[in-house]
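In what follows, a structure is listed as structure tokens, so that the remarks can point back to it.
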Amino acid sequence: MKRALKWKLLFVAMILVTLVVALQYRNSETNRQYRAKISTLSAELAANQSDMGDLRRLLAQPRFQGLTLRQGSPTEWEVETPAEFGATNWVLYIEVSNSKIVALRIRTMDSSKRRPEGAPPDKSLRN
């Protein structure tokens, strides 16, 4: 009886470990997709010397679905990826002057000062 119980517990533990690993992989793949979206958005905004209207039009496109726009202040806006464990989701900070985008930088929700590994370099669009 004890031996059968041990095998059942071992089987349940293996199933739980498998589920945790599968969920972790799925989450990391989803996070990579959102990070790619925010990197693409940043590159397109920088390449076109964009304004806030351009930003809103881009974010309305299906390819940027899931990103969230927030106005932090009149001169700084944020585009966020969905929340990640440990507040490591990426945030695109957009510096605005006269409704023109003048600077772009990607940080994490946890730290607005440090650029995360793999993020594109900060961009200044001032003329």
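Every chain in the structure tokens has a letter given in the order shown (A, B, ...), and although residue numbers restart at 1 in each chain, ligands are simply numbered from 1 in the order shown.
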
When DSSP is applied to the backbone of this structure, which of segment 45-102 of chain A are assigned alpha helix (DSSP H)? Write them out as an MDAnalysis selection string.
chainID A and resid 45:47 52:59

I need the residues from that last selection saved to file as a PDB file, in the first residue's frame (with N, CA, C and O atoms), if you can.
ATOM      1  N   LEU A  45       8.853  54.590 -34.962  1.00  0.00           N
ATOM      2  CA  LEU A  45       8.660  55.968 -34.506  1.00  0.00           C
ATOM      3  C   LEU A  45       9.914  56.788 -34.760  1.00  0.00           C
ATOM      4  O   LEU A  45       9.843  57.939 -35.179  1.00  0.00           O
ATOM      5  N   ALA A  46      11.080  56.206 -34.517  1.00  0.00           N
ATOM      6  CA  ALA A  46      12.344  56.920 -34.708  1.00  0.00           C
ATOM      7  C   ALA A  46      12.608  57.181 -36.190  1.00  0.00           C
ATOM      8  O   ALA A  46      13.057  58.268 -36.560  1.00  0.00           O
ATOM      9  N   ALA A  47      12.330  56.217 -37.022  1.00  0.00           N
ATOM     10  CA  ALA A  47      12.627  56.345 -38.454  1.00  0.00           C
ATOM     11  C   ALA A  47      11.776  57.413 -39.129  1.00  0.00           C
ATOM     12  O   ALA A  47      12.217  58.031 -40.102  1.00  0.00           O
ATOM     13  N   MET A  52       2.510  62.359 -31.864  1.00  0.00           N
ATOM     14  CA  MET A  52       1.596  61.545 -31.058  1.00  0.00           C
ATOM     15  C   MET A  52       0.473  60.951 -31.901  1.00  0.00           C
ATOM     16  O   MET A  52      -0.022  59.874 -31.610  1.00  0.00           O
ATOM     17  N   GLY A  53       0.077  61.629 -32.964  1.00  0.00           N
ATOM     18  CA  GLY A  53      -0.935  61.069 -33.868  1.00  0.00           C
ATOM     19  C   GLY A  53      -0.417  59.806 -34.547  1.00  0.00           C
ATOM     20  O   GLY A  53      -1.136  58.809 -34.667  1.00  0.00           O
ATOM     21  N   ASP A  54       0.857  59.852 -34.966  1.00  0.00           N
ATOM     22  CA  ASP A  54       1.470  58.666 -35.576  1.00  0.00           C
ATOM     23  C   ASP A  54       1.509  57.511 -34.578  1.00  0.00           C
ATOM     24  O   ASP A  54       1.238  56.364 -34.933  1.00  0.00           O
ATOM     25  N   LEU A  55       1.853  57.823 -33.344  1.00  0.00           N
ATOM     26  CA  LEU A  55       1.902  56.794 -32.302  1.00  0.00           C
ATOM     27  C   LEU A  55       0.540  56.132 -32.125  1.00  0.00           C
ATOM     28  O   LEU A  55       0.425  54.907 -32.120  1.00  0.00           O
ATOM     29  N   ARG A  56      -0.489  56.935 -32.038  1.00  0.00           N
ATOM     30  CA  ARG A  56      -1.838  56.376 -31.858  1.00  0.00           C
ATOM     31  C   ARG A  56      -2.267  55.529 -33.064  1.00  0.00           C
ATOM     32  O   ARG A  56      -2.878  54.488 -32.899  1.00  0.00           O
ATOM     33  N   ARG A  57      -1.940  55.999 -34.261  1.00  0.00           N
ATOM     34  CA  ARG A  57      -2.283  55.218 -35.473  1.00  0.00           C
ATOM     35  C   ARG A  57      -1.550  53.879 -35.492  1.00  0.00           C
ATOM     36  O   ARG A  57      -2.129  52.847 -35.825  1.00  0.00           O
ATOM     37  N   LEU A  58      -0.273  53.890 -35.139  1.00  0.00           N
ATOM     38  CA  LEU A  58       0.482  52.637 -35.101  1.00  0.00           C
ATOM     39  C   LEU A  58      -0.093  51.673 -34.070  1.00  0.00           C
ATOM     40  O   LEU A  58      -0.270  50.485 -34.342  1.00  0.00           O
ATOM     41  N   LEU A  59      -0.393  52.186 -32.880  1.00  0.00           N
ATOM     42  CA  LEU A  59      -0.908  51.320 -31.820  1.00  0.00           C
ATOM     43  C   LEU A  59      -2.292  50.759 -32.140  1.00  0.00           C
ATOM     44  O   LEU A  59      -2.689  49.738 -31.579  1.00  0.00           O
TER      45      LEU A  59
END

Please identify all polymer residues within 9 Å of segment 28-34 of chain A, counting only C-alpha atoms, omitting same-chain residues fewer than 6 positions from it, and present them as a ChimeraX atom specification.
/A:64,66-67,81-82,84,89-90

Residues near segment 108-113 of chain A, cut-off 12 Å, only C-alpha atoms, skip fewer than 4 positions along chain, as a VMD selection string:
chain A and resid 35 38 78 to 94 117 to 119 122

Serialized selection, N, CA, C and O atoms, as a PDB file, in the first residue's frame:
ATOM      1  N   ARG A  35       8.141  41.937 -26.538  1.00  0.00           N
ATOM      2  CA  ARG A  35       9.366  42.740 -26.585  1.00  0.00           C
ATOM      3  C   ARG A  35       9.719  43.075 -28.032  1.00  0.00           C
ATOM      4  O   ARG A  35      10.171  44.183 -28.323  1.00  0.00           O
ATOM      5  N   ILE A  38       7.440  45.955 -29.126  1.00  0.00           N
ATOM      6  CA  ILE A  38       7.803  47.274 -28.608  1.00  0.00           C
ATOM      7  C   ILE A  38       9.093  47.772 -29.255  1.00  0.00           C
ATOM      8  O   ILE A  38       9.258  48.964 -29.501  1.00  0.00           O
ATOM      9  N   GLU A  78       4.040  56.591 -22.077  1.00  0.00           N
ATOM     10  CA  GLU A  78       4.579  55.245 -21.925  1.00  0.00           C
ATOM     11  C   GLU A  78       3.754  54.257 -22.734  1.00  0.00           C
ATOM     12  O   GLU A  78       2.534  54.362 -22.772  1.00  0.00           O
ATOM     13  N   VAL A  79       4.443  53.319 -23.350  1.00  0.00           N
ATOM     14  CA  VAL A  79       3.787  52.187 -24.000  1.00  0.00           C
ATOM     15  C   VAL A  79       4.318  50.946 -23.289  1.00  0.00           C
ATOM     16  O   VAL A  79       5.531  50.725 -23.231  1.00  0.00           O
ATOM     17  N   GLU A  80       3.397  50.162 -22.726  1.00  0.00           N
ATOM     18  CA  GLU A  80       3.789  49.020 -21.907  1.00  0.00           C
ATOM     19  C   GLU A  80       3.419  47.699 -22.561  1.00  0.00           C
ATOM     20  O   GLU A  80       2.391  47.592 -23.230  1.00  0.00           O
ATOM     21  N   THR A  81       4.263  46.701 -22.311  1.00  0.00           N
ATOM     22  CA  THR A  81       3.917  45.327 -22.646  1.00  0.00           C
ATOM     23  C   THR A  81       3.131  44.773 -21.459  1.00  0.00           C
ATOM     24  O   THR A  81       3.150  45.366 -20.375  1.00  0.00           O
ATOM     25  N   PRO A  82       2.428  43.656 -21.621  1.00  0.00           N
ATOM     26  CA  PRO A  82       1.701  43.081 -20.480  1.00  0.00           C
ATOM     27  C   PRO A  82       2.643  42.752 -19.317  1.00  0.00           C
ATOM     28  O   PRO A  82       3.832  42.496 -19.512  1.00  0.00           O
ATOM     29  N   ALA A  83       2.083  42.769 -18.121  1.00  0.00           N
ATOM     30  CA  ALA A  83       2.873  42.542 -16.904  1.00  0.00           C
ATOM     31  C   ALA A  83       3.552  41.179 -16.922  1.00  0.00           C
ATOM     32  O   ALA A  83       3.001  40.199 -17.404  1.00  0.00           O
ATOM     33  N   GLU A  84       4.777  41.179 -16.404  1.00  0.00           N
ATOM     34  CA  GLU A  84       5.553  39.949 -16.254  1.00  0.00           C
ATOM     35  C   GLU A  84       5.899  39.781 -14.784  1.00  0.00           C
ATOM     36  O   GLU A  84       5.987  40.756 -14.042  1.00  0.00           O
ATOM     37  N   PHE A  85       6.147  38.549 -14.397  1.00  0.00           N
ATOM     38  CA  PHE A  85       6.554  38.272 -13.021  1.00  0.00           C
ATOM     39  C   PHE A  85       7.849  39.026 -12.725  1.00  0.00           C
ATOM     40  O   PHE A  85       8.778  39.032 -13.525  1.00  0.00           O
ATOM     41  N   GLY A  86       7.897  39.696 -11.588  1.00  0.00           N
ATOM     42  CA  GLY A  86       9.092  40.434 -11.204  1.00  0.00           C
ATOM     43  C   GLY A  86       9.186  41.813 -11.828  1.00  0.00           C
ATOM     44  O   GLY A  86      10.230  42.440 -11.781  1.00  0.00           O
ATOM     45  N   ALA A  87       8.102  42.296 -12.420  1.00  0.00           N
ATOM     46  CA  ALA A  87       8.048  43.628 -13.047  1.00  0.00           C
ATOM     47  C   ALA A  87       9.156  43.800 -14.086  1.00  0.00           C
ATOM     48  O   ALA A  87       9.777  44.840 -14.182  1.00  0.00           O
ATOM     49  N   THR A  88       9.387  42.751 -14.890  1.00  0.00           N
ATOM     50  CA  THR A  88      10.426  42.821 -15.916  1.00  0.00           C
ATOM     51  C   THR A  88       9.856  43.113 -17.300  1.00  0.00           C
ATOM     52  O   THR A  88      10.598  43.076 -18.277  1.00  0.00           O
ATOM     53  N   ASN A  89       8.550  43.395 -17.367  1.00  0.00           N
ATOM     54  CA  ASN A  89       7.980  43.742 -18.668  1.00  0.00           C
ATOM     55  C   ASN A  89       8.569  45.069 -19.152  1.00  0.00           C
ATOM     56  O   ASN A  89       8.926  45.931 -18.364  1.00  0.00           O
ATOM     57  N   TRP A  90       8.688  45.177 -20.465  1.00  0.00           N
ATOM     58  CA  TRP A  90       9.305  46.356 -21.066  1.00  0.00           C
ATOM     59  C   TRP A  90       8.316  47.503 -21.176  1.00  0.00           C
ATOM     60  O   TRP A  90       7.125  47.315 -21.399  1.00  0.00           O
ATOM     61  N   VAL A  91       8.872  48.706 -21.020  1.00  0.00           N
ATOM     62  CA  VAL A  91       8.109  49.944 -21.154  1.00  0.00           C
ATOM     63  C   VAL A  91       8.877  50.855 -22.098  1.00  0.00           C
ATOM     64  O   VAL A  91      10.075  51.071 -21.922  1.00  0.00           O
ATOM     65  N   LEU A  92       8.191  51.367 -23.117  1.00  0.00           N
ATOM     66  CA  LEU A  92       8.786  52.355 -24.024  1.00  0.00           C
ATOM     67  C   LEU A  92       8.413  53.731 -23.488  1.00  0.00           C
ATOM     68  O   LEU A  92       7.244  54.103 -23.455  1.00  0.00           O
ATOM     69  N   TYR A  93       9.426  54.462 -23.006  1.00  0.00           N
ATOM     70  CA  TYR A  93       9.216  55.826 -22.529  1.00  0.00           C
ATOM     71  C   TYR A  93       9.405  56.768 -23.714  1.00  0.00           C
ATOM     72  O   TYR A  93      10.420  56.703 -24.414  1.00  0.00           O
ATOM     73  N   ILE A  94       8.414  57.620 -23.926  1.00  0.00           N
ATOM     74  CA  ILE A  94       8.404  58.517 -25.075  1.00  0.00           C
ATOM     75  C   ILE A  94       8.405  59.952 -24.557  1.00  0.00           C
ATOM     76  O   ILE A  94       7.455  60.385 -23.898  1.00  0.00           O
ATOM     77  N   GLU A 117      18.604  44.173 -20.901  1.00  0.00           N
ATOM     78  CA  GLU A 117      19.417  43.415 -21.852  1.00  0.00           C
ATOM     79  C   GLU A 117      18.568  43.058 -23.072  1.00  0.00           C
ATOM     80  O   GLU A 117      17.441  42.616 -22.945  1.00  0.00           O
ATOM     81  N   GLY A 118      19.117  43.295 -24.247  1.00  0.00           N
ATOM     82  CA  GLY A 118      18.417  42.977 -25.484  1.00  0.00           C
ATOM     83  C   GLY A 118      17.572  44.112 -26.036  1.00  0.00           C
ATOM     84  O   GLY A 118      17.063  44.021 -27.152  1.00  0.00           O
ATOM     85  N   ALA A 119      17.406  45.170 -25.258  1.00  0.00           N
ATOM     86  CA  ALA A 119      16.607  46.312 -25.729  1.00  0.00           C
ATOM     87  C   ALA A 119      17.442  47.164 -26.687  1.00  0.00           C
ATOM     88  O   ALA A 119      18.654  47.262 -26.538  1.00  0.00           O
ATOM     89  N   ASP A 122      18.806  53.751 -26.731  1.00  0.00           N
ATOM     90  CA  ASP A 122      17.953  54.934 -26.636  1.00  0.00           C
ATOM     91  C   ASP A 122      18.125  55.765 -27.901  1.00  0.00           C
ATOM     92  O   ASP A 122      19.188  55.770 -28.531  1.00  0.00           O
TER      93      ASP A 122
END

Quick one: pull the distance between atom CA of Leu41 of chain A and atom CA of Asn27 of chain A, Å, one decimal.
21.1 Å

Exercise: segment 98-105 of chain A partners within 7 Å, only C-alpha atoms, chain neighbours under 6 positions left out, as a ChimeraX atom specification:
/A:42,50-52,92,122-126

Selection from above, C-alpha atoms, as a JSON list (two decimals), in the first residue's frame, can you write it?
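Final output, part25.json:
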[["chain", "number", "residue", "atom", "x", "y", "z"],
["A", 42, "SER", "CA", 10.31, 52.24, -31.26],
["A", 50, "SER", "CA", 6.79, 60.82, -35.55],
["A", 51, "ASP", "CA", 4.29, 62.72, -33.48],
["A", 52, "MET", "CA", 1.60, 61.54, -31.06],
["A", 92, "LEU", "CA", 8.79, 52.35, -24.02],
["A", 122, "ASP", "CA", 17.95, 54.93, -26.64],
["A", 123, "LYS", "CA", 17.08, 57.31, -29.47],
["A", 124, "SER", "CA", 17.11, 61.10, -29.46],
["A", 125, "LEU", "CA", 15.07, 62.64, -32.29],
["A", 126, "ARG", "CA", 15.89, 66.28, -31.57]]

I need the residues in chain A that are strand (DSSP E) according to DSSP; give them as an mmCIF file with C-alpha atoms, in the first residue's frame.
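Final file, selection_22.cif:
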data_model
loop_
_atom_site.group_PDB
_atom_site.id
_atom_site.type_symbol
_atom_site.label_atom_id
_atom_site.label_comp_id
_atom_site.auth_asym_id
_atom_site.auth_seq_id
_atom_site.Cartn_x
_atom_site.Cartn_y
_atom_site.Cartn_z
ATOM 1 C CA THR A 68 -0.903 49.752 -23.673
ATOM 2 C CA LEU A 69 -0.482 53.530 -24.038
ATOM 3 C CA ARG A 70 -0.377 55.687 -20.899
ATOM 4 C CA GLN A 71 0.209 59.398 -20.501
ATOM 5 C CA GLY A 72 2.608 59.760 -17.576
ATOM 6 C CA SER A 73 2.812 63.545 -17.926
ATOM 7 C CA GLU A 76 6.329 61.802 -21.161
ATOM 8 C CA TRP A 77 4.155 58.981 -22.440
ATOM 9 C CA GLU A 78 4.579 55.245 -21.925
ATOM 10 C CA VAL A 79 3.787 52.187 -24.000
ATOM 11 C CA GLU A 80 3.789 49.020 -21.907
ATOM 12 C CA TRP A 90 9.305 46.356 -21.066
ATOM 13 C CA VAL A 91 8.109 49.944 -21.154
ATOM 14 C CA LEU A 92 8.786 52.355 -24.024
ATOM 15 C CA TYR A 93 9.216 55.826 -22.529
ATOM 16 C CA ILE A 94 8.404 58.517 -25.075
ATOM 17 C CA GLU A 95 9.557 62.066 -24.470
ATOM 18 C CA VAL A 96 7.241 64.594 -26.135
ATOM 19 C CA SER A 97 7.690 68.275 -26.977
ATOM 20 C CA LYS A 100 6.440 65.737 -31.454
ATOM 21 C CA ILE A 101 8.333 62.688 -30.236
ATOM 22 C CA VAL A 102 11.840 63.819 -29.276
ATOM 23 C CA ALA A 103 13.274 60.785 -27.442
ATOM 24 C CA LEU A 104 12.614 57.062 -27.047
ATOM 25 C CA ARG A 105 13.995 54.694 -24.420
ATOM 26 C CA ILE A 106 13.041 51.184 -23.375
ATOM 27 C CA ARG A 107 13.207 50.217 -19.725
ATOM 28 C CA THR A 108 11.486 47.699 -17.473
ATOM 29 C CA LYS A 123 17.081 57.306 -29.468
ATOM 30 C CA SER A 124 17.112 61.099 -29.460
#
